[in-house]
file final.cif (mmCIF, C-alpha atoms)
data_coords
loop_
_atom_site.label_atom_id
_atom_site.label_comp_id
_atom_site.auth_asym_id
_atom_site.auth_seq_id
_atom_site.Cartn_x
_atom_site.Cartn_y
_atom_site.Cartn_z
CA MET A 1 142.78 4.09 -93.15
CA ALA A 2 143.00 1.31 -90.56
CA ALA A 3 140.35 1.36 -87.85
CA GLY A 4 141.43 2.84 -84.53
CA THR A 5 139.79 4.91 -81.80
CA ILE A 6 137.46 7.71 -82.80
CA THR A 7 135.61 10.36 -80.82
CA ILE A 8 132.22 11.35 -82.22
CA PHE A 9 130.71 14.52 -80.82
CA GLY A 10 126.92 14.29 -81.02
CA GLY A 11 127.03 10.59 -81.86
CA SER A 12 123.66 9.82 -80.28
CA GLY A 13 121.74 12.13 -82.60
CA PHE A 14 119.78 11.37 -85.76
CA ILE A 15 122.76 11.06 -88.12
CA GLY A 16 125.13 9.97 -85.36
CA ARG A 17 123.45 6.65 -84.60
CA TYR A 18 123.86 5.58 -88.24
CA VAL A 19 127.49 6.67 -88.34
CA VAL A 20 128.23 4.81 -85.10
CA ALA A 21 126.65 1.61 -86.45
CA ARG A 22 128.74 1.70 -89.62
CA LEU A 23 132.00 2.49 -87.84
CA ALA A 24 131.37 -0.30 -85.33
CA ASP A 25 130.88 -2.72 -88.22
CA ARG A 26 134.25 -1.60 -89.59
CA GLY A 27 136.07 -2.27 -86.32
CA TRP A 28 136.46 1.19 -84.85
CA THR A 29 136.47 1.75 -81.09
CA ILE A 30 134.01 4.59 -80.66
CA ARG A 31 133.84 7.23 -77.94
CA VAL A 32 130.46 8.96 -78.12
CA ALA A 33 130.87 12.42 -76.59
CA VAL A 34 127.48 13.81 -75.55
CA ARG A 35 126.01 16.05 -72.88
CA GLN A 36 123.95 13.21 -71.38
CA PRO A 37 125.76 9.87 -71.80
CA GLU A 38 122.89 7.95 -70.19
CA ARG A 39 120.82 8.77 -73.27
CA ALA A 40 123.52 7.32 -75.54
CA LYS A 41 123.58 3.85 -73.97
CA PHE A 42 121.17 2.59 -76.63
CA LEU A 43 124.15 2.69 -79.02
CA LYS A 44 126.20 0.09 -77.11
CA PRO A 45 124.45 -3.00 -78.58
CA LEU A 46 125.53 -1.81 -82.05
CA GLY A 47 129.07 -3.02 -81.29
CA ASN A 48 130.95 -5.58 -79.30
CA VAL A 49 131.41 -5.30 -75.53
CA GLY A 50 133.44 -2.18 -74.78
CA GLN A 51 133.57 -1.06 -78.42
CA ILE A 52 131.14 1.86 -78.00
CA VAL A 53 131.66 4.06 -74.95
CA PRO A 54 129.36 7.04 -74.19
CA LEU A 55 131.11 9.78 -72.21
CA PRO A 56 130.05 13.18 -70.88
CA CYS A 57 131.12 16.25 -72.80
CA THR A 58 129.97 19.76 -73.57
CA LEU A 59 131.30 21.73 -76.52
CA LEU A 60 131.13 24.85 -74.35
CA ASP A 61 134.10 23.78 -72.19
CA ASP A 62 137.74 23.38 -73.26
CA ALA A 63 138.66 20.81 -70.62
CA SER A 64 135.62 18.67 -71.39
CA VAL A 65 136.45 18.59 -75.11
CA ALA A 66 140.13 17.82 -74.51
CA ALA A 67 139.24 14.93 -72.20
CA ALA A 68 136.89 13.46 -74.79
CA LEU A 69 139.66 13.52 -77.40
CA ALA A 70 142.39 11.96 -75.28
CA GLY A 71 143.78 8.83 -76.97
CA SER A 72 141.72 9.15 -80.15
CA ASP A 73 143.02 8.78 -83.70
CA ALA A 74 140.16 10.54 -85.46
CA VAL A 75 137.27 12.91 -84.78
CA ILE A 76 133.80 13.49 -86.20
CA ASN A 77 131.81 16.54 -85.10
CA LEU A 78 128.09 16.10 -85.68
CA VAL A 79 126.81 18.59 -83.14
CA GLY A 80 124.20 21.02 -84.39
CA ILE A 81 120.99 22.65 -83.19
CA LEU A 82 117.85 23.66 -85.08
CA HIS A 83 116.79 26.36 -82.62
CA GLU A 84 118.34 28.29 -79.77
CA GLN A 85 117.51 27.62 -76.13
CA GLY A 86 119.31 28.61 -72.93
CA ARG A 87 123.08 28.34 -73.38
CA GLN A 88 122.60 26.45 -76.64
CA ARG A 89 123.06 29.34 -79.08
CA PHE A 90 123.95 28.98 -82.75
CA ASP A 91 127.30 30.75 -82.44
CA ALA A 92 128.23 29.02 -79.19
CA VAL A 93 127.48 25.52 -80.51
CA GLN A 94 128.00 25.59 -84.25
CA ALA A 95 130.78 28.15 -84.55
CA GLU A 96 132.67 28.38 -81.25
CA GLY A 97 131.97 24.74 -80.37
CA ALA A 98 133.28 23.50 -83.71
CA GLU A 99 136.38 25.65 -83.29
CA ARG A 100 136.93 24.33 -79.76
CA VAL A 101 136.88 20.74 -81.01
CA ALA A 102 139.19 21.47 -83.96
CA ARG A 103 141.64 23.43 -81.80
CA ALA A 104 141.80 20.63 -79.24
CA ALA A 105 142.21 18.01 -81.96
CA ALA A 106 145.09 19.96 -83.50
CA ALA A 107 146.75 20.32 -80.09
CA ALA A 108 146.42 16.56 -79.58
CA GLY A 109 148.00 15.85 -82.96
CA ILE A 110 144.81 14.38 -84.45
CA GLU A 111 144.79 15.05 -88.19
CA ARG A 112 141.82 12.97 -89.32
CA PHE A 113 138.88 15.29 -88.66
CA LEU A 114 135.43 15.41 -90.25
CA GLN A 115 132.93 18.21 -89.70
CA VAL A 116 129.28 17.64 -90.63
CA SER A 117 127.88 21.01 -91.61
CA ALA A 118 124.86 21.76 -93.83
CA ILE A 119 123.97 22.99 -97.28
CA GLY A 120 123.04 26.58 -96.56
CA ALA A 121 126.22 27.28 -94.61
CA ASP A 122 127.02 30.79 -95.80
CA GLU A 123 128.58 33.76 -94.05
CA ASN A 124 126.04 35.97 -95.87
CA SER A 125 123.00 33.85 -95.05
CA PRO A 126 119.91 35.71 -93.80
CA SER A 127 119.70 32.98 -91.16
CA ALA A 128 121.82 32.92 -88.01
CA TYR A 129 121.85 29.13 -88.36
CA GLY A 130 123.44 29.36 -91.82
CA ARG A 131 125.98 31.98 -90.74
CA SER A 132 127.05 29.97 -87.68
CA LYS A 133 127.50 26.83 -89.79
CA ALA A 134 129.77 28.76 -92.15
CA ALA A 135 131.74 30.21 -89.22
CA GLY A 136 132.18 26.70 -87.84
CA GLU A 137 133.55 25.43 -91.16
CA ALA A 138 136.01 28.33 -91.40
CA ALA A 139 137.20 27.82 -87.82
CA VAL A 140 137.76 24.09 -88.36
CA ARG A 141 139.84 24.76 -91.47
CA ARG A 142 141.92 27.40 -89.68
CA HIS A 143 143.10 24.84 -87.15
CA LEU A 144 143.03 21.77 -89.41
CA PRO A 145 143.40 22.62 -93.11
CA GLY A 146 143.10 18.93 -93.97
CA ALA A 147 139.72 18.55 -92.28
CA VAL A 148 136.87 17.09 -94.34
CA ILE A 149 133.56 18.93 -94.45
CA VAL A 150 130.30 17.19 -95.38
CA ARG A 151 127.25 19.35 -96.09
CA PRO A 152 123.95 17.44 -96.35
CA SER A 153 120.70 18.83 -97.69
CA ILE A 154 117.65 18.08 -95.55
CA VAL A 155 118.16 14.59 -94.12
CA PHE A 156 115.30 12.09 -93.88
CA GLY A 157 114.88 8.71 -92.26
CA ALA A 158 112.98 6.89 -89.53
CA GLU A 159 113.97 9.32 -86.76
CA ASP A 160 113.85 12.56 -88.79
CA ASP A 161 112.28 15.76 -87.54
CA PHE A 162 110.88 16.78 -90.91
CA PHE A 163 108.51 14.21 -92.42
CA ASN A 164 107.64 12.81 -88.98
CA ARG A 165 106.64 16.25 -87.75
CA PHE A 166 104.35 17.03 -90.66
CA ALA A 167 102.90 13.51 -90.82
CA SER A 168 102.05 13.79 -87.12
CA LEU A 169 100.50 17.22 -87.66
CA ALA A 170 98.42 15.83 -90.53
CA ARG A 171 96.75 13.35 -88.18
CA PHE A 172 95.01 16.17 -86.28
CA SER A 173 95.13 19.33 -88.37
CA PRO A 174 93.01 19.86 -91.49
CA VAL A 175 95.56 22.42 -92.73
CA LEU A 176 99.32 22.29 -93.35
CA PRO A 177 101.17 25.60 -93.81
CA LEU A 178 103.36 26.25 -96.83
CA ILE A 179 105.78 28.97 -95.72
CA GLY A 180 106.60 31.34 -98.55
CA GLY A 181 104.07 29.56 -100.72
CA GLY A 182 105.92 26.25 -100.60
CA THR A 183 108.27 27.14 -103.46
CA THR A 184 111.54 26.62 -101.56
CA ARG A 185 113.40 23.69 -103.16
CA PHE A 186 115.13 20.84 -101.34
CA GLN A 187 117.21 17.83 -102.30
CA PRO A 188 116.36 15.39 -99.47
CA VAL A 189 119.03 12.81 -98.72
CA TYR A 190 118.54 9.53 -96.88
CA VAL A 191 120.32 9.37 -93.52
CA GLY A 192 121.89 6.01 -94.37
CA ASP A 193 123.47 7.53 -97.49
CA VAL A 194 124.81 10.44 -95.42
CA ALA A 195 126.34 8.02 -92.91
CA ASP A 196 127.94 6.01 -95.71
CA ALA A 197 129.44 9.21 -97.14
CA VAL A 198 130.76 10.31 -93.74
CA VAL A 199 132.50 6.99 -93.15
CA ALA A 200 133.91 6.86 -96.67
CA ALA A 201 135.22 10.44 -96.43
CA LEU A 202 136.74 9.77 -93.02
CA GLU A 203 138.61 6.70 -94.21
CA SER A 204 139.77 8.01 -97.60
CA PRO A 205 143.15 9.81 -97.66
CA ALA A 206 142.03 11.48 -100.91
CA SER A 207 139.27 13.32 -99.05
CA ARG A 208 141.65 15.46 -96.97
CA GLY A 209 140.80 19.16 -97.20
CA ARG A 210 137.76 18.56 -99.40
CA THR A 211 134.16 19.72 -99.00
CA TYR A 212 131.33 17.44 -100.07
CA GLU A 213 127.70 18.42 -100.61
CA VAL A 214 125.35 15.45 -100.36
CA GLY A 215 121.80 15.42 -101.64
CA GLY A 216 119.31 12.90 -102.89
CA PRO A 217 118.56 11.94 -106.50
CA GLN A 218 115.74 14.44 -107.01
CA VAL A 219 114.82 18.05 -106.28
CA TYR A 220 111.40 18.87 -104.78
CA SER A 221 109.60 22.02 -103.76
CA PHE A 222 108.30 22.18 -100.20
CA ARG A 223 104.78 21.82 -101.59
CA GLU A 224 105.76 18.68 -103.51
CA LEU A 225 107.25 17.13 -100.37
CA MET A 226 104.04 17.77 -98.44
CA GLU A 227 101.97 16.27 -101.25
CA LEU A 228 104.24 13.24 -101.34
CA MET A 229 104.01 12.77 -97.56
CA LEU A 230 100.21 13.08 -97.62
CA GLY A 231 100.04 10.48 -100.36
CA VAL A 232 102.06 8.02 -98.28
CA VAL A 233 99.92 8.49 -95.16
CA ARG A 234 96.71 8.51 -97.22
CA ARG A 235 95.36 11.79 -95.89
CA ARG A 236 93.85 14.76 -97.69
CA ARG A 237 94.73 18.11 -96.14
CA LEU A 238 94.51 21.72 -97.24
CA LEU A 239 97.95 23.12 -98.10
CA LEU A 240 97.73 26.78 -97.15
CA SER A 241 100.27 29.28 -98.51
CA LEU A 242 101.73 31.42 -95.75
CA PRO A 243 103.69 34.51 -96.89
CA PHE A 244 107.10 34.96 -95.30
CA GLY A 245 106.03 38.13 -93.51
CA LEU A 246 103.07 36.44 -91.87
CA ALA A 247 105.18 33.40 -91.05
CA ARG A 248 107.66 35.64 -89.21
CA LEU A 249 104.86 37.10 -87.11
CA LEU A 250 103.52 33.64 -86.32
CA ALA A 251 107.00 32.39 -85.44
CA LEU A 252 107.44 35.06 -82.77
CA PRO A 253 105.20 33.41 -80.13
CA LEU A 254 105.90 29.87 -81.42
CA GLY A 255 109.61 30.44 -80.99
CA LEU A 256 109.14 30.88 -77.24
CA LEU A 257 107.93 27.29 -76.79
CA PRO A 258 110.34 24.68 -75.33
CA ALA A 259 110.35 22.76 -78.65
CA PRO A 260 109.25 25.44 -81.12
CA PRO A 261 107.57 24.17 -84.30
CA LEU A 262 108.73 27.32 -86.09
CA THR A 263 111.21 30.09 -85.37
CA ARG A 264 111.91 33.38 -87.12
CA ASP A 265 115.37 32.13 -88.03
CA GLN A 266 113.88 29.06 -89.74
CA VAL A 267 111.65 31.36 -91.77
CA GLU A 268 114.76 33.21 -92.94
CA LEU A 269 116.44 29.91 -93.82
CA LEU A 270 113.47 28.95 -95.99
CA LYS A 271 114.00 31.98 -98.20
CA ARG A 272 116.82 30.14 -99.98
CA ASP A 273 116.77 26.83 -101.84
CA ASN A 274 118.62 23.95 -100.16
CA LEU A 275 120.33 22.27 -103.12
CA VAL A 276 123.70 20.76 -103.94
CA SER A 277 125.82 23.39 -105.68
CA GLU A 278 126.58 22.94 -109.35
CA GLY A 279 129.91 21.15 -109.73
CA ALA A 280 130.17 20.18 -106.05
CA GLU A 281 131.52 16.76 -105.11
CA GLY A 282 128.87 14.57 -103.52
CA LEU A 283 127.72 11.00 -103.03
CA GLU A 284 129.00 9.95 -106.44
CA ALA A 285 132.55 10.62 -105.25
CA PHE A 286 132.17 7.57 -102.99
CA GLY A 287 130.20 5.42 -105.42
CA ILE A 288 127.03 5.81 -103.34
CA ARG A 289 123.75 5.47 -105.21
CA PRO A 290 121.24 7.59 -103.27
CA HIS A 291 117.91 6.25 -102.08
CA SER A 292 114.82 8.14 -103.20
CA VAL A 293 112.22 9.69 -100.93
CA GLU A 294 109.52 7.62 -102.63
CA VAL A 295 111.25 4.36 -101.69
CA ILE A 296 112.07 5.22 -98.07
CA LEU A 297 109.05 7.16 -96.77
CA PRO A 298 106.61 4.22 -96.73
CA THR A 299 109.03 2.26 -94.52
CA TYR A 300 108.60 4.59 -91.55
CA LEU A 301 105.54 6.79 -92.02
CA ASP A 302 103.25 3.78 -91.66
CA ARG A 303 102.30 4.72 -88.09
CA TYR A 304 100.65 7.89 -89.39
CA ARG A 305 98.84 6.17 -92.25
CA ALA A 306 95.06 6.29 -92.34
CA GLY A 307 93.36 2.92 -92.70
CA GLY A 308 96.26 0.51 -92.26
CA ARG A 309 99.93 -0.12 -91.61
CA TYR A 310 102.91 -1.20 -93.61
CA SER A 311 105.07 -3.97 -92.20
CA GLU A 312 108.20 -3.55 -94.32
CA ARG A 313 111.40 -2.17 -92.82
CA LEU A 314 114.78 -1.29 -94.30
CA PRO A 315 117.89 -3.10 -93.06
CA ARG A 316 120.23 -0.98 -90.97
CA SER A 317 122.97 -0.84 -93.59
CA SER A 318 122.72 -0.43 -97.33
#
call {"tool": "encode", "arguments": {"input": "final.cif", "output": "structure tokens"}}
result
Amino acid sequence: MAAGTITIFGGSGFIGRYVVARLADRGWTIRVAVRQPERAKFLKPLGNVGQIVPLPCTLLDDASVAAALAGSDAVINLVGILHEQGRQRFDAVQAEGAERVARAAAAAGIERFLQVSAIGADENSPSAYGRSKAAGEAAVRRHLPGAVIVRPSIVFGAEDDFFNRFASLARFSPVLPLIGGGTTRFQPVYVGDVADAVVAALESPASRGRTYEVGGPQVYSFRELMELMLGVVRRRRLLLSLPFGLARLLALPLGLLPAPPLTRDQVELLKRDNLVSEGAEGLEAFGIRPHSVEVILPTYLDRYRAGGRYSERLPRSS
């Protein structure tokens, strides 16, 4: 597919900044639709003058979404939330918001559409997050049957909210909690690999109507990920098993904080493994060789490391 103009909803987020960089390198003109465009200006140096344009948009308003799509040839929806706050509710953002974007894209005649969802999207999920992700996927396909859906496992990289959070906590706390005993399994995938898959799926005509599940090269339990992180930052901490029931009680007051470290819905989400489904198409469909956690973590957890710092950094593209 020849490069044209693309609107990326949520393009200033963790995954979005990597997708924007890769699309800019490939010659796309990029409209970054976000609630606060001032906070997306850091993306502009990733492209040529005028190539990357932040613009105001909220997924909760039809007119705002339609305006963001005007004149575009393709759409990527990256918008998602990890916890609810104010008007930002799971259904409003991840289900109704996704449908609003797909409906407007269909009305504008835009056929190339990619929805970034998540492994764990399931209409029967015990988590409202998982159910809303599934509802968003279904709504997108109702309006655009040829839409591409990409479901990552837990995504890691320099700006992630997973390893950074626990590495920061390990600097001050002698104990790290293992919700549900730390047995939940994950298949962490590097953000750069996710971005490469998104761009490849967007530009490949063969991807139309397909769903891809992207995960890293290895499966880890939550306990194993904490042990790996502690090894990188050179800290010894007690890993304390926290039963799901107790975690739900603890999450009740924590969930009221402006940036809650744990919510009851996240506890429900942790009751299921977060793995690529058997037989699902993934990174290999695009010839992408995934980066391992062991290789990437030392390149950005150095600031939490006891007794020294690493100086190495990964290049932006791989």
call {"tool": "resolve_selection", "arguments": {"input": "final.cif", "expression": "the PyMOL selection byres ((chain A and resi 156) around 6)", "output": "compact mmCIF listing (two decimals) with C-alpha atoms, in the coordinates of the input"}}
result
# COMPACT_ATOMS: atom_id res chain seq x y z
CA VAL A 155 118.16 14.59 -94.12
CA GLY A 157 114.88 8.71 -92.26
CA ASP A 160 113.85 12.56 -88.79
CA TYR A 190 118.54 9.53 -96.88
CA VAL A 191 120.32 9.37 -93.52
call {"tool": "closest_residue", "arguments": {"input": "final.cif", "among": "A:Leu242, A:Val276, A:Leu230, A:Pro260", "to": "A:Gln187", "atoms": "all atoms listed in the file"}}
result
A:Val276
call {"tool": "residues_around", "arguments": {"input": "final.cif", "residues": "A:Leu257", "least_positions_apart": "5", "cutoff": "12 Å", "atoms": "only C-alpha atoms", "output": "ChimeraX atom specification"}}
result
/A:83-85,251-252,262-263
call {"tool": "closest_atom_pairs", "arguments": {"input": "final.cif", "of": "stretch 180-295 of chain A", "to": "stretch 26-48 of chain A", "cutoff": "12 Å", "atoms": "all atoms listed in the file", "output": "Markdown table"}}
result
| residue | atom | partner | partner_atom | distance |
| --- | --- | --- | --- | --- |
| A:Asp196 | CA | A:Arg26 | CA | 11.6 |
| A:Val199 | CA | A:Arg26 | CA | 9.5 |
| A:Ala200 | CA | A:Arg26 | CA | 11.0 |
| A:Leu202 | CA | A:Trp28 | CA | 11.9 |
| A:Glu203 | CA | A:Arg26 | CA | 10.5 |
call {"tool": "resolve_selection", "arguments": {"input": "final.cif", "expression": "the PyMOL selection byres ((chain A and resi 277) around 10)", "output": "PDB file with C-alpha atoms, keeping the file's coordinate frame"}}
result
ATOM      1  CA  ILE A 119     123.970  22.990 -97.280  1.00  0.00           C
ATOM      2  CA  TYR A 212     131.330  17.440-100.070  1.00  0.00           C
ATOM      3  CA  GLU A 213     127.700  18.420-100.610  1.00  0.00           C
ATOM      4  CA  VAL A 214     125.350  15.450-100.360  1.00  0.00           C
ATOM      5  CA  GLY A 215     121.800  15.420-101.640  1.00  0.00           C
ATOM      6  CA  ASN A 274     118.620  23.950-100.160  1.00  0.00           C
ATOM      7  CA  LEU A 275     120.330  22.270-103.120  1.00  0.00           C
ATOM      8  CA  VAL A 276     123.700  20.760-103.940  1.00  0.00           C
ATOM      9  CA  GLU A 278     126.580  22.940-109.350  1.00  0.00           C
ATOM     10  CA  GLY A 279     129.910  21.150-109.730  1.00  0.00           C
ATOM     11  CA  ALA A 280     130.170  20.180-106.050  1.00  0.00           C
ATOM     12  CA  GLU A 281     131.520  16.760-105.110  1.00  0.00           C
ATOM     13  CA  GLY A 282     128.870  14.570-103.520  1.00  0.00           C
TER      14      GLY A 282
END
call {"tool": "decode", "arguments": {"input": "final.cif", "residues": "stretch 208-244 of chain A", "atoms": "N, CA and C atoms", "output": "mmCIF file, in the first residue's frame"}}
result
data_model
loop_
_atom_site.group_PDB
_atom_site.id
_atom_site.type_symbol
_atom_site.label_atom_id
_atom_site.label_comp_id
_atom_site.auth_asym_id
_atom_site.auth_seq_id
_atom_site.Cartn_x
_atom_site.Cartn_y
_atom_site.Cartn_z
ATOM 1 N N ARG A 208 -6.230 -7.963 5.426
ATOM 2 C CA ARG A 208 -7.621 -7.499 5.562
ATOM 3 C C ARG A 208 -8.497 -8.562 6.236
ATOM 4 N N GLY A 209 -9.213 -8.115 7.281
ATOM 5 C CA GLY A 209 -10.152 -8.994 7.972
ATOM 6 C C GLY A 209 -9.513 -9.985 8.926
ATOM 7 N N ARG A 210 -8.199 -9.921 9.095
ATOM 8 C CA ARG A 210 -7.511 -10.891 9.947
ATOM 9 C C ARG A 210 -7.309 -10.344 11.365
ATOM 10 N N THR A 211 -7.132 -11.280 12.288
ATOM 11 C CA THR A 211 -6.790 -10.949 13.678
ATOM 12 C C THR A 211 -5.438 -11.569 13.999
ATOM 13 N N TYR A 212 -4.546 -10.756 14.531
ATOM 14 C CA TYR A 212 -3.208 -11.210 14.890
ATOM 15 C C TYR A 212 -3.013 -11.100 16.393
ATOM 16 N N GLU A 213 -2.400 -12.119 16.983
ATOM 17 C CA GLU A 213 -2.050 -12.085 18.397
ATOM 18 C C GLU A 213 -0.529 -12.067 18.489
ATOM 19 N N VAL A 214 0.016 -11.019 19.098
ATOM 20 C CA VAL A 214 1.469 -10.859 19.108
ATOM 21 C C VAL A 214 2.017 -10.986 20.528
ATOM 22 N N GLY A 215 2.965 -11.875 20.664
ATOM 23 C CA GLY A 215 3.629 -12.098 21.939
ATOM 24 C C GLY A 215 5.111 -12.297 21.718
ATOM 25 N N GLY A 216 5.858 -12.269 22.797
ATOM 26 C CA GLY A 216 7.295 -12.435 22.712
ATOM 27 C C GLY A 216 7.704 -13.883 22.542
ATOM 28 N N PRO A 217 9.006 -14.152 22.543
ATOM 29 C CA PRO A 217 9.501 -15.500 22.270
ATOM 30 C C PRO A 217 9.390 -16.480 23.427
ATOM 31 N N GLN A 218 9.007 -15.993 24.623
ATOM 32 C CA GLN A 218 9.009 -16.870 25.783
ATOM 33 C C GLN A 218 7.852 -16.547 26.717
ATOM 34 N N VAL A 219 7.381 -17.570 27.404
ATOM 35 C CA VAL A 219 6.304 -17.434 28.389
ATOM 36 C C VAL A 219 6.910 -17.398 29.786
ATOM 37 N N TYR A 220 6.412 -16.484 30.631
ATOM 38 C CA TYR A 220 6.894 -16.341 32.001
ATOM 39 C C TYR A 220 5.694 -16.263 32.946
ATOM 40 N N SER A 221 5.887 -16.753 34.165
ATOM 41 C CA SER A 221 4.908 -16.478 35.210
ATOM 42 C C SER A 221 5.164 -15.075 35.746
ATOM 43 N N PHE A 222 4.198 -14.532 36.441
ATOM 44 C CA PHE A 222 4.381 -13.208 37.048
ATOM 45 C C PHE A 222 5.569 -13.227 38.011
ATOM 46 N N ARG A 223 5.708 -14.303 38.767
ATOM 47 C CA ARG A 223 6.838 -14.429 39.687
ATOM 48 C C ARG A 223 8.160 -14.389 38.925
ATOM 49 N N GLU A 224 8.235 -15.108 37.828
ATOM 50 C CA GLU A 224 9.471 -15.144 37.042
ATOM 51 C C GLU A 224 9.820 -13.772 36.487
ATOM 52 N N LEU A 225 8.816 -12.999 36.091
ATOM 53 C CA LEU A 225 9.082 -11.650 35.587
ATOM 54 C C LEU A 225 9.619 -10.748 36.697
ATOM 55 N N MET A 226 9.085 -10.891 37.900
ATOM 56 C CA MET A 226 9.591 -10.092 39.019
ATOM 57 C C MET A 226 11.023 -10.493 39.366
ATOM 58 N N GLU A 227 11.308 -11.773 39.338
ATOM 59 C CA GLU A 227 12.665 -12.236 39.617
ATOM 60 C C GLU A 227 13.638 -11.736 38.563
ATOM 61 N N LEU A 228 13.197 -11.743 37.314
ATOM 62 C CA LEU A 228 14.044 -11.253 36.227
ATOM 63 C C LEU A 228 14.322 -9.763 36.386
ATOM 64 N N MET A 229 13.273 -8.994 36.686
ATOM 65 C CA MET A 229 13.435 -7.553 36.892
ATOM 66 C C MET A 229 14.389 -7.264 38.048
ATOM 67 N N LEU A 230 14.238 -7.973 39.160
ATOM 68 C CA LEU A 230 15.090 -7.754 40.322
ATOM 69 C C LEU A 230 16.545 -8.097 40.006
ATOM 70 N N GLY A 231 16.747 -9.102 39.169
ATOM 71 C CA GLY A 231 18.100 -9.441 38.774
ATOM 72 C C GLY A 231 18.744 -8.335 37.956
ATOM 73 N N VAL A 232 17.970 -7.706 37.086
ATOM 74 C CA VAL A 232 18.499 -6.621 36.255
ATOM 75 C C VAL A 232 18.858 -5.405 37.111
ATOM 76 N N VAL A 233 18.006 -5.062 38.070
ATOM 77 C CA VAL A 233 18.264 -3.871 38.888
ATOM 78 C C VAL A 233 19.140 -4.172 40.106
ATOM 79 N N ARG A 234 19.534 -5.430 40.236
ATOM 80 C CA ARG A 234 20.438 -5.849 41.310
ATOM 81 C C ARG A 234 19.897 -5.535 42.703
ATOM 82 N N ARG A 235 18.643 -5.936 42.925
ATOM 83 C CA ARG A 235 18.042 -5.740 44.240
ATOM 84 C C ARG A 235 17.430 -7.057 44.715
ATOM 85 N N ARG A 236 17.485 -7.286 46.004
ATOM 86 C CA ARG A 236 16.887 -8.470 46.607
ATOM 87 C C ARG A 236 15.665 -8.027 47.399
ATOM 88 N N ARG A 237 14.507 -8.528 47.017
ATOM 89 C CA ARG A 237 13.261 -8.151 47.675
ATOM 90 C C ARG A 237 12.437 -9.395 47.957
ATOM 91 N N LEU A 238 11.634 -9.326 49.009
ATOM 92 C CA LEU A 238 10.738 -10.423 49.337
ATOM 93 C C LEU A 238 9.555 -10.408 48.367
ATOM 94 N N LEU A 239 9.305 -11.535 47.719
ATOM 95 C CA LEU A 239 8.142 -11.673 46.842
ATOM 96 C C LEU A 239 7.043 -12.349 47.649
ATOM 97 N N LEU A 240 6.025 -11.582 47.978
ATOM 98 C CA LEU A 240 4.976 -12.034 48.898
ATOM 99 C C LEU A 240 3.712 -12.418 48.131
ATOM 100 N N SER A 241 3.301 -13.679 48.250
ATOM 101 C CA SER A 241 2.075 -14.141 47.608
ATOM 102 C C SER A 241 0.861 -13.469 48.240
ATOM 103 N N LEU A 242 -0.015 -12.960 47.369
ATOM 104 C CA LEU A 242 -1.211 -12.268 47.826
ATOM 105 C C LEU A 242 -2.421 -12.938 47.182
ATOM 106 N N PRO A 243 -3.219 -13.690 47.932
ATOM 107 C CA PRO A 243 -4.376 -14.374 47.356
ATOM 108 C C PRO A 243 -5.305 -13.378 46.645
ATOM 109 N N PHE A 244 -6.014 -13.869 45.645
ATOM 110 C CA PHE A 244 -6.899 -12.995 44.880
ATOM 111 C C PHE A 244 -7.927 -12.299 45.763
#
